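Below is one structure, written out as structure tokens; comments come after it.
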Amino acid sequence: MEGNVTNNKKFGILLCAEDTDYVKKMYGGYFGVFVRMLEEKGETWDLYRVTRGEFPDDDELETYDGFVVSGSSNDAHGNEAWICRLVAFLKRLDSLKIKVLGICFGHQILSRALGGKSGRSISGWDIGTRTVHFSSSSKLVQSVKMPALLSIYEIHRDEVWELPPKAERIAWSDKTRVEMFRYGDHIMGIQGHPEYTKDILLNLIDRLVKLDYIEDSESDELKAKVEEREPDREALKRLCLSFLKGGF
């Protein structure tokens with residue numbers, strides 16, 4: 001009987017950022033933010049802080065149904081030891097056809113691991129709520145019944161310059177040429193942050209001011225715009241869940 005079906009799926013978060021004090025206090029860290037959006041009853045979610053050299057053992061990889069690669073303040077085109085190790089690890093997951101969802105930095109590093117290129121955006125930072133356009137020809141977009149246009153939170157200054165061979169661009173915006181891509185049935189990258197809440201984004205804008213990435217006056221304008229428009233959080237959640245757990 002359907003009511004007795006148990007969900008024993010197992011997923012891993014490859015965390016590529018250090019938790020901010022705010023996110024730690026409010027959500028128990030970025031791991032908590034992702035789990036809040038993606039976890040369903042009966043599932044196991046494991047945390048790997050890859051910036052500290054924590055990776056799953058090779059012999060347990062096939063016990064996982066999928067992985068999520070988080071955002072980061074590091075550059076996906078950088079060559080720090082943990083980034084190079086992550087690139088090699090993502091190639092391994094690709095060879096095993098294990099599902100991987102990459103968010104922001106995760107989107108860019110997946111592209112790099114598969115043979116694409118990323119770097120600084122020529123148009124500078126993208127911070128706020130961005131409208132993305134979906135490709136009507138994408139199988140995934142059609143099956144999840146995504147609207148033609150959708151709003152998502154963004155906070156990045158790097159982007160995918162060139163998609164990997166055989167990758168499919170499934171969304172773009174006026175600011176960023178590759179907002180989302182898909183590679184086979186097992187890999188998807190999203191440049192924006194479907195997992196963010198408004199308060200997380202507003203707090204990160206304050207952090208960018210403190211780190212001298214943006215001016216104080218600019219931050220007031222950015223925050224006002226964030227307050228004006230909500231992202232399509234439920235549709236984005238549906239897309240992520242359908243990709244990670246659906247039968248595509």
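Residue names in the structure tokens use chain letters A, B, ... in the order shown, residue numbers from 1 in each chain, and ligand numbers from 1 in the order shown.
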Rows by chain and residue number, region 106-219 of chain A within 10 Å of region 228-245 of chain A, shortest pair, only C-alpha atoms, as JSON lines:
```
{"residue": "A:Gly128", "atom": "CA", "partner": "A:Arg229", "partner_atom": "CA", "distance": 9.0}
{"residue": "A:Thr129", "atom": "CA", "partner": "A:Pro231", "partner_atom": "CA", "distance": 6.4}
{"residue": "A:Arg130", "atom": "CA", "partner": "A:Pro231", "partner_atom": "CA", "distance": 8.2}
{"residue": "A:Thr131", "atom": "CA", "partner": "A:Pro231", "partner_atom": "CA", "distance": 8.7}
{"residue": "A:Leu140", "atom": "CA", "partner": "A:Phe243", "partner_atom": "CA", "distance": 7.7}
{"residue": "A:Val141", "atom": "CA", "partner": "A:Leu239", "partner_atom": "CA", "distance": 7.9}
{"residue": "A:Ser143", "atom": "CA", "partner": "A:Ser242", "partner_atom": "CA", "distance": 8.9}
{"residue": "A:Val144", "atom": "CA", "partner": "A:Leu239", "partner_atom": "CA", "distance": 6.4}
{"residue": "A:Lys145", "atom": "CA", "partner": "A:Leu239", "partner_atom": "CA", "distance": 9.0}
{"residue": "A:Met146", "atom": "CA", "partner": "A:Ala235", "partner_atom": "CA", "distance": 7.0}
{"residue": "A:Pro147", "atom": "CA", "partner": "A:Ala235", "partner_atom": "CA", "distance": 8.5}
{"residue": "A:Leu149", "atom": "CA", "partner": "A:Asp232", "partner_atom": "CA", "distance": 9.7}
{"residue": "A:Leu150", "atom": "CA", "partner": "A:Asp232", "partner_atom": "CA", "distance": 6.2}
{"residue": "A:Ser151", "atom": "CA", "partner": "A:Pro231", "partner_atom": "CA", "distance": 4.6}
{"residue": "A:Ile152", "atom": "CA", "partner": "A:Pro231", "partner_atom": "CA", "distance": 4.7}
{"residue": "A:Tyr153", "atom": "CA", "partner": "A:Pro231", "partner_atom": "CA", "distance": 6.3}
{"residue": "A:Glu154", "atom": "CA", "partner": "A:Pro231", "partner_atom": "CA", "distance": 9.9}
{"residue": "A:Arg182", "atom": "CA", "partner": "A:Phe243", "partner_atom": "CA", "distance": 9.8}
{"residue": "A:Asp185", "atom": "CA", "partner": "A:Phe243", "partner_atom": "CA", "distance": 8.3}
{"residue": "A:His186", "atom": "CA", "partner": "A:Phe243", "partner_atom": "CA", "distance": 8.0}
{"residue": "A:Ile187", "atom": "CA", "partner": "A:Phe243", "partner_atom": "CA", "distance": 8.5}
{"residue": "A:Met188", "atom": "CA", "partner": "A:Phe243", "partner_atom": "CA", "distance": 7.7}
{"residue": "A:Gly189", "atom": "CA", "partner": "A:Cys240", "partner_atom": "CA", "distance": 10.0}
{"residue": "A:Ile190", "atom": "CA", "partner": "A:Cys240", "partner_atom": "CA", "distance": 9.3}
{"residue": "A:His193", "atom": "CA", "partner": "A:Leu236", "partner_atom": "CA", "distance": 9.2}
{"residue": "A:Pro194", "atom": "CA", "partner": "A:Leu236", "partner_atom": "CA", "distance": 5.8}
{"residue": "A:Glu195", "atom": "CA", "partner": "A:Lys237", "partner_atom": "CA", "distance": 7.8}
{"residue": "A:Tyr196", "atom": "CA", "partner": "A:Arg233", "partner_atom": "CA", "distance": 8.8}
{"residue": "A:Thr197", "atom": "CA", "partner": "A:Arg233", "partner_atom": "CA", "distance": 8.8}
{"residue": "A:Lys198", "atom": "CA", "partner": "A:Glu230", "partner_atom": "CA", "distance": 8.0}
```
Going by DSSP on the backbone, which residues of region 10-105 of chain A come out as strand (DSSP E or B)? List them as a VMD selection string.
chain A and resid 10 to 15 44 to 49 66 to 69 99 to 103
Nearby residues (only C-alpha atoms) at most 7 Å from Ala17 (chain A), same-chain spacing under 3 positions excluded, as a CSV table (one decimal) with all heavy atoms, in the first residue's frame:
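Printed below is around32.csv as written:
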```csv
chain,number,residue,atom,x,y,z
A,71,GLY,N,26.9,27.6,-2.5
A,71,GLY,CA,27.6,28.8,-2.9
A,71,GLY,C,28.8,28.9,-2.1
A,71,GLY,O,29.1,28.2,-1.2
A,72,SER,N,29.6,30.0,-2.5
A,72,SER,CA,30.9,30.2,-1.8
A,72,SER,C,31.3,31.6,-2.1
A,72,SER,O,31.0,32.2,-3.1
A,72,SER,CB,32.0,29.2,-2.3
A,72,SER,OG,33.2,29.5,-1.7
A,73,SER,N,32.2,32.2,-1.2
A,73,SER,CA,32.8,33.5,-1.4
A,73,SER,C,34.1,33.3,-2.3
A,73,SER,O,34.7,34.3,-2.7
A,73,SER,CB,33.1,34.2,-0.1
A,73,SER,OG,34.0,33.4,0.7
```
Among region 78-203 of chain A, which residues does DSSP mark as helix (DSSP H, G or I) when it is run on the backbone? Keep the chain and numbering as in the structure and answer as a ChimeraX atom specification.
/A:81-95,105-113,139-144,198-203
Could those selected residues go to a file with N, CA and C atoms, as a tab-separated table (two decimals), in the first residue's frame?
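The resulting file, result_13.tsv, is shown below:
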```tsv
chain	number	residue	atom	x	y	z
A	81	ALA	N	43.64	24.26	-2.99
A	81	ALA	CA	43.68	22.79	-2.94
A	81	ALA	C	42.29	22.17	-2.85
A	82	TRP	N	41.42	22.73	-1.99
A	82	TRP	CA	40.09	22.13	-1.82
A	82	TRP	C	39.24	22.28	-3.09
A	83	ILE	N	39.46	23.36	-3.84
A	83	ILE	CA	38.71	23.58	-5.08
A	83	ILE	C	39.14	22.55	-6.13
A	84	CYS	N	40.43	22.33	-6.25
A	84	CYS	CA	40.94	21.33	-7.21
A	84	CYS	C	40.45	19.93	-6.83
A	85	ARG	N	40.42	19.66	-5.52
A	85	ARG	CA	39.92	18.35	-5.07
A	85	ARG	C	38.42	18.22	-5.37
A	86	LEU	N	37.68	19.32	-5.20
A	86	LEU	CA	36.24	19.30	-5.48
A	86	LEU	C	35.98	19.06	-6.97
A	87	VAL	N	36.77	19.70	-7.83
A	87	VAL	CA	36.63	19.49	-9.28
A	87	VAL	C	36.80	18.00	-9.61
A	88	ALA	N	37.84	17.38	-9.05
A	88	ALA	CA	38.09	15.95	-9.29
A	88	ALA	C	36.94	15.10	-8.75
A	89	PHE	N	36.41	15.48	-7.58
A	89	PHE	CA	35.31	14.74	-6.96
A	89	PHE	C	34.05	14.82	-7.82
A	90	LEU	N	33.77	16.01	-8.36
A	90	LEU	CA	32.58	16.19	-9.21
A	90	LEU	C	32.70	15.38	-10.51
A	91	LYS	N	33.91	15.27	-11.02
A	91	LYS	CA	34.13	14.42	-12.21
A	91	LYS	C	33.81	12.96	-11.87
A	92	ARG	N	34.17	12.56	-10.66
A	92	ARG	CA	33.89	11.19	-10.21
A	92	ARG	C	32.37	10.96	-10.11
A	93	LEU	N	31.65	11.93	-9.53
A	93	LEU	CA	30.19	11.81	-9.42
A	93	LEU	C	29.56	11.74	-10.81
A	94	ASP	N	30.09	12.52	-11.75
A	94	ASP	CA	29.58	12.48	-13.13
A	94	ASP	C	29.77	11.09	-13.72
A	95	SER	N	30.94	10.50	-13.50
A	95	SER	CA	31.21	9.17	-14.08
A	95	SER	C	30.29	8.10	-13.50
A	105	PHE	N	28.19	29.34	-6.82
A	105	PHE	CA	29.53	28.78	-6.98
A	105	PHE	C	29.44	27.33	-7.44
A	106	GLY	N	28.48	26.58	-6.87
A	106	GLY	CA	28.29	25.18	-7.23
A	106	GLY	C	27.96	25.00	-8.71
A	107	HIS	N	27.17	25.90	-9.24
A	107	HIS	CA	26.80	25.94	-10.67
A	107	HIS	C	28.06	26.16	-11.52
A	108	GLN	N	28.89	27.11	-11.09
A	108	GLN	CA	30.10	27.45	-11.84
A	108	GLN	C	31.15	26.33	-11.78
A	109	ILE	N	31.30	25.73	-10.60
A	109	ILE	CA	32.34	24.69	-10.46
A	109	ILE	C	31.93	23.40	-11.17
A	110	LEU	N	30.62	23.14	-11.25
A	110	LEU	CA	30.15	22.01	-12.04
A	110	LEU	C	30.48	22.21	-13.50
A	111	SER	N	30.24	23.43	-13.98
A	111	SER	CA	30.57	23.75	-15.37
A	111	SER	C	32.06	23.52	-15.62
A	112	ARG	N	32.90	23.98	-14.71
A	112	ARG	CA	34.35	23.81	-14.84
A	112	ARG	C	34.73	22.31	-14.86
A	113	ALA	N	34.16	21.54	-13.93
A	113	ALA	CA	34.49	20.12	-13.83
A	113	ALA	C	34.12	19.35	-15.09
A	139	LYS	N	13.28	19.62	-21.71
A	139	LYS	CA	12.44	18.52	-21.20
A	139	LYS	C	12.12	18.70	-19.72
A	140	LEU	N	13.15	19.08	-18.95
A	140	LEU	CA	12.98	19.25	-17.51
A	140	LEU	C	11.99	20.37	-17.23
A	141	VAL	N	12.16	21.51	-17.91
A	141	VAL	CA	11.29	22.67	-17.73
A	141	VAL	C	9.84	22.30	-18.07
A	142	GLN	N	9.67	21.57	-19.15
A	142	GLN	CA	8.32	21.15	-19.58
A	142	GLN	C	7.68	20.21	-18.55
A	143	SER	N	8.47	19.24	-18.08
A	143	SER	CA	7.91	18.22	-17.18
A	143	SER	C	7.53	18.80	-15.83
A	144	VAL	N	8.26	19.84	-15.39
A	144	VAL	CA	7.95	20.44	-14.09
A	144	VAL	C	6.93	21.57	-14.24
A	198	LYS	N	14.54	36.16	2.32
A	198	LYS	CA	14.82	37.60	2.19
A	198	LYS	C	15.81	38.09	3.24
A	199	ASP	N	15.63	37.61	4.48
A	199	ASP	CA	16.51	38.09	5.56
A	199	ASP	C	17.96	37.67	5.35
A	200	ILE	N	18.18	36.49	4.77
A	200	ILE	CA	19.55	36.04	4.48
A	200	ILE	C	20.20	36.96	3.45
A	201	LEU	N	19.45	37.29	2.40
A	201	LEU	CA	19.99	38.15	1.34
A	201	LEU	C	20.28	39.55	1.88
A	202	LEU	N	19.37	40.10	2.68
A	202	LEU	CA	19.59	41.45	3.24
A	202	LEU	C	20.82	41.46	4.15
A	203	ASN	N	20.99	40.41	4.93
A	203	ASN	CA	22.16	40.31	5.80
A	203	ASN	C	23.46	40.22	5.00
```
Near-Leu61 (chain A) list (10 Å; only C-alpha atoms; drop same-chain fewer than 2 positions) as a PyMOL selection string
chain A and resi 12+56-59+63-67+92-93+96+98
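For the set A:Gly42, A:Gly102, A:Gly53, A:Gly32, the residue with the smallest atom-to-atom gap to Val69 (chain A) is A:Gly102, counting only C-alpha atoms.
Across the model, the gap from CA of Lys97 (chain A) to CA of Gly115 (chain A) is 16.1 Å.
Across A:Leu208, A:Leu222, A:Ile127, A:Ile214, the tightest approach to Gln191 (chain A) is made by A:Ile127 when counting only C-alpha atoms.
Put simply, CA of Ser173 (chain A) is 10.8 Å away from CA of Gly192 (chain A).
Taking CA of Asp46 (chain A) and CA of Tyr22 (chain A) as endpoints, the distance between them is 21.6 Å.
Take the candidates A:Asp158, A:Glu54, A:Glu179, A:Glu218 and check each one against Asn74 (chain A) using only C-alpha atoms; the shortest distance goes to A:Asp158.
Proximity ranking of A:Ile170, A:Ile122, A:Ala76, A:Val50 relative to Glu18 (chain A) places A:Val50 first, based on only C-alpha atoms.
Nearest to Gly116 (chain A) of all the residues A:Arg157, A:Glu80, A:Cys104, A:Lys166 is A:Lys166, counting only C-alpha atoms.
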